[in-house]
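Peer 1: Handing over final_2.cif, mmCIF, C-alpha atoms and all ligand atoms.
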```
data_my_file
#
loop_
_atom_site.label_atom_id
_atom_site.label_comp_id
_atom_site.auth_asym_id
_atom_site.auth_seq_id
_atom_site.Cartn_x
_atom_site.Cartn_y
_atom_site.Cartn_z
CA MET A 1 30.63 -26.15 -16.35
CA ASP A 2 30.24 -22.43 -16.71
CA GLY A 3 29.08 -22.75 -20.28
CA GLN A 4 25.89 -24.43 -19.25
CA GLN A 5 24.50 -21.18 -17.92
CA SER A 6 24.84 -19.31 -21.18
CA ALA A 7 21.47 -19.63 -22.90
CA PRO A 8 21.34 -23.37 -23.45
CA PRO A 9 18.81 -24.61 -25.98
CA PRO A 10 15.74 -26.49 -24.77
CA GLU A 11 17.13 -30.00 -25.35
CA ALA A 12 20.43 -29.24 -23.69
CA THR A 13 18.65 -28.03 -20.59
CA GLN A 14 16.95 -31.37 -20.20
CA ILE A 15 20.04 -32.97 -18.72
CA GLU A 16 21.37 -29.76 -17.30
CA ALA A 17 18.18 -29.15 -15.36
CA SER A 18 18.30 -32.63 -13.91
CA GLY A 19 22.02 -32.24 -13.37
CA SER A 20 21.49 -29.25 -11.13
CA THR A 21 19.73 -31.57 -8.68
CA THR A 22 22.38 -34.26 -8.87
CA GLU A 23 22.75 -34.41 -5.12
CA LEU A 24 19.07 -35.15 -4.74
CA THR A 25 17.36 -38.35 -5.78
CA ALA A 26 14.05 -38.34 -7.65
CA THR A 27 12.20 -38.29 -4.33
CA GLY A 28 14.06 -35.16 -3.22
CA GLU A 29 16.24 -37.06 -0.75
CA PRO A 30 19.98 -36.38 -0.78
CA GLU A 31 21.92 -39.05 -2.66
CA ARG A 32 23.41 -41.38 -0.08
CA TRP A 33 27.12 -42.20 -0.12
CA ILE A 34 28.61 -45.09 1.82
CA ASP A 35 32.17 -45.06 3.12
CA LEU A 36 33.76 -48.50 3.06
CA GLN A 37 37.09 -49.72 4.37
CA PHE A 38 39.02 -52.59 2.93
CA THR A 39 42.42 -54.17 3.03
CA TRP A 40 44.32 -55.43 0.06
CA ALA A 41 47.83 -56.82 0.02
CA GLY A 42 48.10 -55.93 3.72
CA LYS A 43 47.32 -52.26 3.16
CA PRO A 44 44.22 -50.34 4.32
CA PHE A 45 42.06 -48.45 1.82
CA THR A 46 38.89 -46.39 1.99
CA LEU A 47 36.28 -46.12 -0.70
CA SER A 48 33.15 -43.97 -1.08
CA ILE A 49 30.36 -45.32 -3.22
CA ALA A 50 26.93 -43.86 -4.00
CA GLU A 51 23.86 -45.98 -3.41
CA THR A 52 22.75 -45.26 -6.98
CA ASP A 53 25.99 -46.75 -8.28
CA ARG A 54 25.97 -50.25 -9.66
CA ILE A 55 28.15 -53.22 -8.73
CA PHE A 56 29.98 -52.43 -11.97
CA ASP A 57 30.99 -49.02 -10.55
CA PHE A 58 32.10 -50.61 -7.28
CA LYS A 59 34.41 -53.00 -9.14
CA ALA A 60 35.66 -50.14 -11.29
CA ALA A 61 36.47 -48.11 -8.17
CA LEU A 62 38.42 -51.05 -6.71
CA HIS A 63 40.21 -51.43 -10.03
CA LYS A 64 41.17 -47.76 -9.97
CA LEU A 65 42.52 -47.96 -6.43
CA THR A 66 44.40 -51.26 -6.70
CA LYS A 67 44.79 -52.03 -10.41
CA VAL A 68 43.16 -55.40 -9.77
CA PRO A 69 40.83 -55.84 -12.75
CA PRO A 70 37.20 -56.77 -11.99
CA GLU A 71 37.53 -60.34 -13.26
CA ARG A 72 40.32 -61.02 -10.75
CA GLN A 73 38.67 -59.36 -7.75
CA LYS A 74 37.71 -61.68 -4.90
CA ILE A 75 35.85 -59.87 -2.14
CA LEU A 76 35.56 -61.34 1.34
CA GLY A 77 33.36 -60.06 4.13
CA LEU A 78 31.09 -57.71 2.20
CA THR A 79 28.23 -60.13 1.52
CA LYS A 80 27.20 -63.29 3.31
CA THR A 81 28.15 -65.54 0.43
CA ASN A 82 31.32 -63.59 -0.45
CA LYS A 83 29.85 -63.26 -3.92
CA LEU A 84 28.75 -60.00 -5.51
CA PRO A 85 25.44 -59.70 -7.32
CA PRO A 86 25.51 -59.11 -11.10
CA ASP A 87 27.10 -55.90 -12.41
CA GLN A 88 23.82 -54.12 -13.04
CA GLU A 89 22.55 -54.44 -9.43
CA ARG A 90 22.42 -51.27 -7.36
CA ILE A 91 24.71 -50.70 -4.40
CA ALA A 92 21.65 -49.73 -2.35
CA ASP A 93 20.40 -53.33 -2.66
CA LEU A 94 23.46 -54.57 -0.74
CA ARG A 95 22.19 -52.61 2.28
CA LEU A 96 25.69 -51.73 3.43
CA ALA A 97 26.34 -49.78 6.60
CA THR A 98 28.84 -46.99 6.40
CA GLY A 99 32.22 -48.07 7.75
CA LYS A 100 31.67 -51.65 6.55
CA LYS A 101 34.98 -53.51 6.19
CA PHE A 102 35.98 -56.13 3.68
CA THR A 103 39.04 -57.75 2.18
CA LEU A 104 40.05 -57.65 -1.46
CA ILE A 105 42.15 -60.45 -2.89
CA GLY A 106 43.50 -60.27 -6.42
CA THR A 107 46.59 -59.75 -8.50
CA PRO A 108 46.96 -56.35 -10.13
CA GLU A 109 47.53 -56.06 -13.80
CA GLY A 110 50.86 -54.83 -15.04
CA ASP A 111 51.14 -51.41 -16.49
CA GLU A 112 50.73 -52.76 -20.00
CA LEU A 113 48.69 -50.54 -22.25
CA LYS A 114 45.15 -51.86 -22.26
CA GLU A 115 43.89 -49.27 -24.67
CA LEU A 116 43.80 -51.43 -27.76
CA GLU A 117 42.10 -54.35 -26.02
CA ASN A 118 39.45 -52.05 -24.66
CA LEU A 119 38.25 -50.60 -27.93
CA PRO A 120 34.57 -50.40 -27.21
CA ASP A 121 33.19 -51.18 -30.65
CA VAL A 122 35.01 -54.42 -31.40
CA VAL A 123 32.03 -56.54 -30.41
CA ASN A 124 29.11 -55.31 -32.42
CA ASP A 125 26.71 -57.89 -31.12
CA LEU A 126 23.46 -56.22 -30.28
CA ASP A 127 22.62 -52.77 -31.49
CA ARG A 128 19.50 -50.83 -30.65
CA ASP A 129 17.81 -47.86 -32.28
CA PHE A 130 16.75 -45.43 -29.57
CA THR A 131 14.94 -43.13 -31.99
CA GLU A 132 12.28 -45.87 -31.96
CA ASP A 133 12.10 -45.85 -28.18
CA PRO A 134 12.18 -42.34 -26.71
CA ALA A 135 11.00 -43.65 -23.33
CA ALA A 136 14.10 -45.86 -23.02
CA SER A 137 16.29 -42.90 -23.88
CA ALA A 138 14.52 -40.68 -21.35
CA ALA A 139 14.96 -43.36 -18.68
CA TYR A 140 18.70 -43.25 -19.29
CA ARG A 141 18.80 -39.47 -19.16
CA ASN A 142 16.82 -39.34 -15.92
CA ASP A 143 18.80 -42.10 -14.17
CA GLN A 144 20.43 -40.54 -11.12
CA ARG A 145 23.67 -42.40 -11.70
CA ASN A 146 23.87 -41.41 -15.35
CA ILE A 147 23.23 -37.76 -14.49
CA ARG A 148 26.15 -37.90 -12.09
CA LYS A 149 28.34 -39.72 -14.65
CA VAL A 150 27.77 -36.84 -17.08
CA LYS A 151 28.90 -34.39 -14.42
CA GLU A 152 31.92 -36.48 -13.45
CA ALA A 153 32.98 -37.02 -17.05
CA THR A 154 32.57 -33.31 -17.78
CA ALA A 155 34.94 -32.51 -14.93
CA ALA A 156 37.40 -35.23 -16.00
CA LEU A 157 37.47 -34.36 -19.70
CA LYS A 158 40.50 -32.46 -20.98
CA PRO A 159 39.83 -31.80 -24.65
CA ASN A 160 42.78 -31.43 -26.96
CA LEU A 161 42.23 -28.44 -29.19
CA ILE A 162 44.09 -28.99 -32.44
CA HIS A 163 42.73 -25.93 -34.18
CA PRO A 164 40.60 -23.09 -32.84
CA LEU A 165 36.87 -23.59 -33.10
CA ARG A 166 35.39 -21.40 -35.81
CA SER A 167 32.32 -19.30 -35.19
CA GLY A 168 29.06 -20.21 -36.84
CA LYS A 169 30.01 -23.81 -37.66
CA LYS A 170 28.02 -26.92 -36.88
CA LEU A 171 29.65 -29.69 -34.86
CA LEU A 172 30.42 -33.13 -36.27
CA VAL A 173 31.08 -35.78 -33.61
CA LEU A 174 32.70 -38.52 -35.66
CA ASP A 175 33.14 -42.07 -34.44
CA ILE A 176 36.43 -43.71 -35.41
CA ASP A 177 36.26 -47.49 -35.02
CA TYR A 178 34.36 -49.09 -37.91
CA THR A 179 33.09 -45.66 -38.99
CA ILE A 180 36.20 -44.17 -40.58
CA LEU A 181 38.47 -47.21 -40.38
CA ASP A 182 38.37 -50.97 -40.08
CA THR A 183 39.72 -51.40 -36.58
CA LYS A 184 40.30 -55.17 -36.66
CA PRO A 185 43.15 -55.45 -39.20
CA LEU A 186 44.58 -52.24 -37.80
CA THR A 187 44.73 -53.62 -34.26
CA SER A 188 46.02 -57.04 -35.30
CA GLY A 189 48.50 -55.52 -37.74
CA SER A 190 47.30 -57.80 -40.52
CA LEU A 191 47.01 -54.85 -42.91
CA PRO A 192 49.16 -51.74 -43.27
CA PRO A 193 47.37 -48.89 -41.48
CA ALA A 194 46.87 -46.83 -44.62
CA GLU A 195 44.80 -49.68 -46.06
CA CYS A 196 42.44 -49.77 -43.07
CA ALA A 197 40.93 -46.35 -43.69
CA ARG A 198 37.45 -46.17 -45.17
CA PRO A 199 37.60 -45.11 -48.83
CA ARG A 200 37.23 -41.38 -49.42
CA LEU A 201 37.99 -40.49 -45.79
CA HIS A 202 40.19 -37.53 -46.63
CA GLU A 203 37.78 -36.29 -49.28
CA PHE A 204 34.96 -36.53 -46.75
CA LEU A 205 36.79 -34.48 -44.14
CA GLU A 206 37.66 -31.87 -46.78
CA ALA A 207 34.10 -31.76 -48.07
CA VAL A 208 32.42 -31.09 -44.73
CA TYR A 209 35.13 -28.76 -43.40
CA PRO A 210 33.50 -25.54 -44.70
CA HIS A 211 30.41 -26.12 -42.55
CA TYR A 212 31.49 -28.29 -39.63
CA ASP A 213 34.02 -28.29 -36.84
CA SER A 214 35.00 -31.90 -36.20
CA THR A 215 35.72 -33.88 -33.09
CA SER A 216 36.53 -37.54 -32.50
CA GLN A 217 37.05 -39.51 -29.36
CA THR A 218 40.37 -41.27 -29.18
CA SER A 219 43.44 -41.36 -27.00
CA TRP A 220 46.62 -39.58 -27.92
CA MET A 221 48.36 -42.94 -27.84
CA TRP A 222 45.95 -44.31 -30.38
CA LEU A 223 46.26 -41.21 -32.46
CA GLU A 224 50.02 -41.18 -32.49
CA THR A 225 50.51 -44.85 -33.14
CA LYS A 226 47.76 -45.44 -35.65
CA LEU A 227 46.14 -42.40 -37.14
CA VAL A 228 49.49 -40.93 -38.04
CA GLU A 229 50.35 -44.12 -39.89
CA LEU A 230 46.94 -43.97 -41.53
CA GLY A 231 48.08 -40.86 -43.28
CA MET A 232 45.63 -38.87 -41.20
CA ILE A 233 48.22 -36.26 -40.34
CA GLY A 234 46.94 -34.49 -43.43
CA SER A 235 43.38 -34.88 -42.22
CA LEU A 236 44.14 -33.47 -38.81
CA LYS A 237 44.03 -30.04 -40.34
CA ASN A 238 40.30 -30.65 -40.67
CA TYR A 239 39.88 -31.52 -37.00
CA GLN A 240 39.32 -28.96 -34.29
CA VAL A 241 39.09 -31.12 -31.20
CA LEU A 242 40.22 -34.55 -30.14
CA LEU A 243 38.72 -36.07 -27.03
CA ASP A 244 39.83 -39.05 -25.03
CA LYS A 245 37.34 -41.77 -24.11
CA THR A 246 35.99 -39.76 -21.16
CA PRO A 247 32.68 -38.85 -22.85
CA MET A 248 31.83 -42.57 -23.06
CA PHE A 249 30.46 -44.42 -20.10
CA THR A 250 28.62 -47.65 -19.40
CA VAL A 251 24.87 -47.71 -18.83
CA PHE A 252 22.55 -50.40 -17.54
CA THR A 253 19.09 -51.32 -18.66
CA GLU A 254 17.04 -54.35 -19.58
CA ARG A 255 16.35 -55.85 -22.95
CA ASP A 256 13.80 -58.61 -23.47
CA GLY A 257 13.59 -58.94 -19.69
CA LYS A 258 17.34 -59.51 -19.28
CA PRO A 259 20.05 -57.15 -18.04
CA TRP A 260 21.67 -55.26 -20.89
CA THR A 261 24.84 -53.21 -20.55
CA HIS A 262 26.46 -51.03 -23.17
CA SER A 263 28.45 -47.88 -23.70
CA VAL A 264 27.02 -44.49 -24.63
CA LYS A 265 28.56 -41.29 -25.87
CA ALA A 266 27.00 -38.40 -24.00
CA LEU A 267 27.00 -35.29 -26.16
CA GLN A 268 26.16 -33.20 -23.10
CA ILE A 269 29.73 -33.71 -21.90
CA ILE A 270 31.07 -32.16 -25.09
CA TRP A 271 28.45 -29.40 -25.01
CA ASN A 272 29.38 -28.55 -21.44
CA HIS A 273 32.91 -27.83 -22.63
CA PHE A 274 31.90 -26.05 -25.82
CA PRO A 275 28.61 -24.29 -25.09
CA GLN A 276 28.30 -22.83 -28.58
CA PHE A 277 27.31 -26.37 -29.58
CA ASN A 278 24.05 -28.01 -28.62
CA ALA A 279 21.21 -30.05 -30.06
CA THR A 280 20.46 -27.39 -32.67
CA ASN A 281 23.80 -27.72 -34.42
CA THR A 282 25.39 -31.08 -33.59
CA ILE A 283 25.43 -34.30 -35.59
CA HIS A 284 26.95 -37.52 -34.26
CA VAL A 285 27.96 -40.11 -36.85
CA ASP A 286 28.51 -43.63 -35.58
CA ASP A 287 28.15 -47.23 -36.73
CA LEU A 288 26.39 -48.16 -33.47
CA SER A 289 22.96 -46.68 -32.73
CA ARG A 290 23.23 -47.63 -29.09
CA ASN A 291 25.98 -45.03 -28.71
CA PHE A 292 23.23 -42.44 -29.33
CA ALA A 293 21.11 -43.69 -26.43
CA LEU A 294 21.30 -40.40 -24.52
CA ASN A 295 20.94 -38.26 -27.66
CA PRO A 296 19.02 -40.29 -30.21
CA LYS A 297 17.92 -37.30 -32.29
CA GLU A 298 21.45 -36.15 -33.00
CA GLY A 299 22.62 -39.58 -34.16
CA LEU A 300 23.22 -40.63 -37.74
CA LYS A 301 23.94 -44.31 -38.12
CA ILE A 302 26.36 -45.26 -40.86
CA SER A 303 26.98 -48.86 -41.89
CA ALA A 304 30.02 -50.41 -40.20
CA PHE A 305 33.15 -50.45 -42.33
CA LYS A 306 34.66 -53.93 -42.15
CA GLY A 307 36.66 -56.19 -44.41
CA ALA A 308 39.09 -53.47 -45.48
CA HIS A 309 40.96 -54.37 -48.64
CA THR A 310 38.24 -56.68 -49.98
CA PRO A 311 36.67 -55.57 -53.28
CA GLU A 312 33.37 -54.82 -51.51
CA ALA A 313 35.07 -52.64 -48.92
CA MET A 314 37.11 -50.82 -51.56
CA ALA A 315 33.86 -50.00 -53.35
CA ASP A 316 32.37 -48.48 -50.17
CA ARG A 317 31.21 -44.90 -50.88
CA GLU A 318 29.29 -44.23 -47.69
CA LEU A 319 31.49 -41.26 -46.82
CA ASP A 320 30.72 -39.58 -50.16
CA LYS A 321 27.01 -39.98 -49.43
CA LEU A 322 27.48 -38.71 -45.91
CA ALA A 323 29.30 -35.60 -47.12
CA ARG A 324 26.47 -34.85 -49.53
CA TYR A 325 23.89 -35.28 -46.79
CA MET A 326 25.76 -33.18 -44.26
CA ASN A 327 26.33 -30.35 -46.68
CA HIS A 328 22.70 -30.53 -47.79
CA ILE A 329 21.49 -29.94 -44.22
CA ALA A 330 24.27 -27.53 -43.23
CA SER A 331 22.10 -24.45 -43.72
CA VAL A 332 19.25 -25.78 -41.55
CA PRO A 333 19.22 -23.43 -38.55
CA ASP A 334 17.96 -26.00 -36.05
CA PHE A 335 18.94 -29.65 -36.45
CA ARG A 336 16.24 -30.63 -33.98
CA THR A 337 13.77 -30.19 -36.83
CA LEU A 338 15.50 -33.00 -38.75
CA SER A 339 15.48 -36.76 -38.49
CA HIS A 340 18.68 -38.36 -39.75
CA LYS A 341 17.08 -41.78 -39.88
CA ASP A 342 16.37 -41.67 -43.58
CA TRP A 343 19.50 -39.81 -44.52
CA LYS A 344 20.22 -42.11 -47.44
CA SER A 345 16.84 -41.47 -49.08
CA VAL A 346 17.56 -37.75 -48.76
CA VAL A 347 20.87 -38.29 -50.56
CA ARG A 348 19.14 -40.31 -53.30
CA SER A 349 16.70 -37.46 -53.85
CA LEU A 350 19.49 -34.93 -54.41
CA PRO A 351 20.63 -34.09 -57.93
CA ARG A 352 23.78 -36.00 -58.84
CA PRO A 353 26.90 -33.91 -58.46
CA ASP A 354 28.77 -33.22 -61.70
CA SER A 355 32.08 -34.61 -60.58
CA GLU A 356 31.65 -38.22 -59.45
MG MG B 401 32.34 -47.45 -34.05
#
```
Give the structure from the file, written as structure tokens.

Peer 2:
Amino acid sequence: MDGQQSAPPPEATQIEASGSTTELTATGEPERWIDLQFTWAGKPFTLSIAETDRIFDFKAALHKLTKVPPERQKILGLTKTNKLPPDQERIADLRLATGKKFTLIGTPEGDELKELENLPDVVNDLDRDFTEDPAASAAYRNDQRNIRKVKEATAALKPNLIHPLRSGKKLLVLDIDYTILDTKPLTSGSLPPAECARPRLHEFLEAVYPHYDSTSQTSWMWLETKLVELGMIGSLKNYQVLLDKTPMFTVFTERDGKPWTHSVKALQIIWNHFPQFNATNTIHVDDLSRNFALNPKEGLKISAFKGAHTPEAMADRELDKLARYMNHIASVPDFRTLSHKDWKSVVRSLPRPDSE
């Protein structure tokens, strides 16, 4: 994006600099793309896939072309066994010749809205703190495929500006699911939406508004059907930008010697669209540390909000603490000098506010 050229800060250039060589692999060779041909339901298709892509990306591309979801895809003629390697394997390892033909068999899904089933944070099984492991984070950032994903997602993202961005504000990237609401009873309909919001949500958004422009990632469908019912229409006045899920993508690594796949939220995609924001003035609040994998220093992990309506959940005051922390640091000129890891001890060290 154009914005990247306008005096990016040192940390933002890290990805940008690598991004400018996206077409070259680490060895300086051009990234190789393979053109494949396949038939499905009697119709011919063509598909281009990069060698740095993973099997996961191949299945996703087939899904996009045919609406056959990965779990229903049967692929004949591409490999000797007619089986694909695990999702994390690289396309290069298949050693495919360009022009290779195969057959896809599988029933497409209907046009039913999958959005709610695909909420990424529903399974909070394994989290990982990347501030403890900068090498793992750097490996993600320098992965050829991930660099390209950032570029692709930047091009695909169409941010919805609700209110104009204000000059001189910091940026709050605020997770929704299990950060500002309990997604489970909301999705299942077991609780009225207004009772799924984290306590003090509106007060939090009001409190940080003087210093922060806010953005969350959600679909318009989700917003219209749920957030409006949550009573967040009032809170939308404190939002500047809503993003769809484009800035999230899936990454592949290993954990304890086994393949490990998870989603990340790449702040660079947001920064590419809004170049006044960068690592010096952005904070990303989320209940999952692994979402910070590409930008561990900007992440602030908040406890997950679950069990809405129980006495414990009603007593949750994390958002009050968060507002105090964020306003405490708001005058710091460069957020890169901070670590948000011990944000709660910082809050404990602050004088108690008069009105609480
Ligand atoms: Mg979440």

Peer 1: Can you check which parts of chain A lie within 12 Å of ligand MG 401 (chain B)? Per residue, the shortest pair of atoms and distance in Å to one decimal, counting all atoms listed in the file, sorted by chain and number, as a Markdown table.

Peer 2:
```
| residue | atom | partner | partner_atom | distance |
| --- | --- | --- | --- | --- |
| A:Leu119 | CA | B:MG401 | MG | 9.1 |
| A:Pro120 | CA | B:MG401 | MG | 7.8 |
| A:Asp121 | CA | B:MG401 | MG | 5.1 |
| A:Val122 | CA | B:MG401 | MG | 7.9 |
| A:Val123 | CA | B:MG401 | MG | 9.8 |
| A:Asn124 | CA | B:MG401 | MG | 8.7 |
| A:Asp127 | CA | B:MG401 | MG | 11.4 |
| A:Val173 | CA | B:MG401 | MG | 11.7 |
| A:Leu174 | CA | B:MG401 | MG | 9.1 |
| A:Asp175 | CA | B:MG401 | MG | 5.5 |
| A:Ile176 | CA | B:MG401 | MG | 5.7 |
| A:Asp177 | CA | B:MG401 | MG | 4.0 |
| A:Tyr178 | CA | B:MG401 | MG | 4.7 |
| A:Thr179 | CA | B:MG401 | MG | 5.3 |
| A:Ile180 | CA | B:MG401 | MG | 8.3 |
| A:Leu181 | CA | B:MG401 | MG | 8.8 |
| A:Asp182 | CA | B:MG401 | MG | 9.2 |
| A:Thr183 | CA | B:MG401 | MG | 8.7 |
| A:Lys184 | CA | B:MG401 | MG | 11.4 |
| A:Ser216 | CA | B:MG401 | MG | 10.9 |
| A:Gln217 | CA | B:MG401 | MG | 10.4 |
| A:Thr218 | CA | B:MG401 | MG | 11.2 |
| A:Ser263 | CA | B:MG401 | MG | 11.1 |
| A:Val264 | CA | B:MG401 | MG | 11.2 |
| A:Lys265 | CA | B:MG401 | MG | 10.9 |
| A:His284 | CA | B:MG401 | MG | 11.3 |
| A:Val285 | CA | B:MG401 | MG | 9.0 |
| A:Asp286 | CA | B:MG401 | MG | 5.6 |
| A:Asp287 | CA | B:MG401 | MG | 5.0 |
| A:Leu288 | CA | B:MG401 | MG | 6.0 |
| A:Ser289 | CA | B:MG401 | MG | 9.5 |
| A:Arg290 | CA | B:MG401 | MG | 10.4 |
| A:Asn291 | CA | B:MG401 | MG | 8.6 |
| A:Phe292 | CA | B:MG401 | MG | 11.4 |
| A:Leu300 | CA | B:MG401 | MG | 12.0 |
| A:Lys301 | CA | B:MG401 | MG | 9.8 |
| A:Ile302 | CA | B:MG401 | MG | 9.3 |
| A:Ser303 | CA | B:MG401 | MG | 9.6 |
| A:Ala304 | CA | B:MG401 | MG | 7.2 |
| A:Phe305 | CA | B:MG401 | MG | 8.8 |
| A:Lys306 | CA | B:MG401 | MG | 10.6 |
```

Peer 1: Let me make sure I understand: among A:Ile49, A:Leu201, A:Leu171, A:Leu242, which one has the smallest atom-to-atom distance to Ala330 in chain A if we use all atoms listed in the file?

Peer 2: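 Between A:Ile49, A:Leu201, A:Leu171, A:Leu242, the residue approaching Ala330 in chain A most closely is A:Leu171.
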
Peer 1: Kindly indicate which residue among A:Ala207, A:Ala266, A:Val241, A:Leu94 lies nearest to Lys321 in chain A, using only C-alpha atoms for the distances.

Peer 2: A:Ala207

Peer 1: CA of Pro44 in chain A and CA of Ala92 in chain A, how far apart in Å?

Peer 2: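 So the answer is 23.5 Å.
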
Peer 1: Hey, can you check how far CA of Lys341 in chain A sits from CA of Leu186 in chain A?

Peer 2: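 Taking CA of Lys341 in chain A as the start and CA of Leu186 in chain A as the end point, the length is 29.5 Å.
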
Peer 1: From the options A:Arg352, A:His309, A:Lys297, A:His163, which residue's atoms come nearest to Ser339 in chain A, counting all atoms listed in the file?

Peer 2: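 Checking each of A:Arg352, A:His309, A:Lys297, A:His163 against Ser339 in chain A, counting all atoms listed in the file, the winner is A:Lys297.
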
Peer 1: Point out the residue among A:Lys59, A:Arg324, A:Lys101, A:Lys83 with the least atom-to-atom distance to Thr39 in chain A, counting only C-alpha atoms.

Peer 2: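 Residue with the minimum atom-to-atom distance to Thr39 in chain A: A:Lys101.
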
Peer 1: Report, in Å with one decimal, the straight-line distance from CA of Arg72 in chain A to CA of Trp40 in chain A.

Peer 2: 12.8 Å

Peer 1: Using all atoms listed in the file, which protein or nucleic acid residues come within 8 Å of Thr98 in chain A? Drop anything in the same chain fewer than 6 positions from it, and give the result as a ChimeraX atom specification.

Peer 2: /A:34-36

Peer 1: Restore N, CA and C atoms in range 70-87 of chain A and list the result as a CSV table (one decimal), in the coordinates of the input.

Peer 2:
```csv
chain,number,residue,atom,x,y,z
A,70,PRO,N,38.4,-56.2,-12.6
A,70,PRO,CA,37.2,-56.8,-12.0
A,70,PRO,C,37.2,-58.3,-12.0
A,71,GLU,N,37.6,-58.9,-13.1
A,71,GLU,CA,37.5,-60.3,-13.3
A,71,GLU,C,38.5,-61.1,-12.3
A,72,ARG,N,39.4,-60.4,-11.7
A,72,ARG,CA,40.3,-61.0,-10.8
A,72,ARG,C,40.0,-60.6,-9.3
A,73,GLN,N,39.0,-59.8,-9.1
A,73,GLN,CA,38.7,-59.4,-7.8
A,73,GLN,C,37.9,-60.4,-7.0
A,74,LYS,N,38.5,-60.8,-5.8
A,74,LYS,CA,37.7,-61.7,-4.9
A,74,LYS,C,37.5,-60.9,-3.6
A,75,ILE,N,36.2,-60.8,-3.2
A,75,ILE,CA,35.8,-59.9,-2.1
A,75,ILE,C,35.3,-60.7,-1.0
A,76,LEU,N,36.0,-60.6,0.2
A,76,LEU,CA,35.6,-61.3,1.3
A,76,LEU,C,35.0,-60.4,2.4
A,77,GLY,N,33.9,-60.8,3.0
A,77,GLY,CA,33.4,-60.1,4.1
A,77,GLY,C,32.4,-59.0,3.8
A,78,LEU,N,32.0,-58.8,2.5
A,78,LEU,CA,31.1,-57.7,2.2
A,78,LEU,C,29.7,-58.3,2.1
A,79,THR,N,29.5,-59.5,1.6
A,79,THR,CA,28.2,-60.1,1.5
A,79,THR,C,28.3,-61.5,2.2
A,80,LYS,N,27.2,-62.0,2.6
A,80,LYS,CA,27.2,-63.3,3.3
A,80,LYS,C,27.9,-64.4,2.5
A,81,THR,N,27.6,-64.4,1.2
A,81,THR,CA,28.2,-65.5,0.4
A,81,THR,C,29.5,-65.3,-0.1
A,82,ASN,N,30.1,-64.0,0.1
A,82,ASN,CA,31.3,-63.6,-0.4
A,82,ASN,C,31.2,-63.5,-2.0
A,83,LYS,N,30.0,-63.5,-2.5
A,83,LYS,CA,29.8,-63.3,-3.9
A,83,LYS,C,29.1,-61.9,-4.1
A,84,LEU,N,29.5,-61.2,-5.2
A,84,LEU,CA,28.8,-60.0,-5.5
A,84,LEU,C,27.6,-60.3,-6.5
A,85,PRO,N,26.5,-59.6,-6.3
A,85,PRO,CA,25.4,-59.7,-7.3
A,85,PRO,C,25.9,-59.3,-8.7
A,86,PRO,N,25.1,-59.5,-9.7
A,86,PRO,CA,25.5,-59.1,-11.1
A,86,PRO,C,25.8,-57.6,-11.2
A,87,ASP,N,26.6,-57.3,-12.2
A,87,ASP,CA,27.1,-55.9,-12.4
A,87,ASP,C,26.0,-54.8,-12.4
```
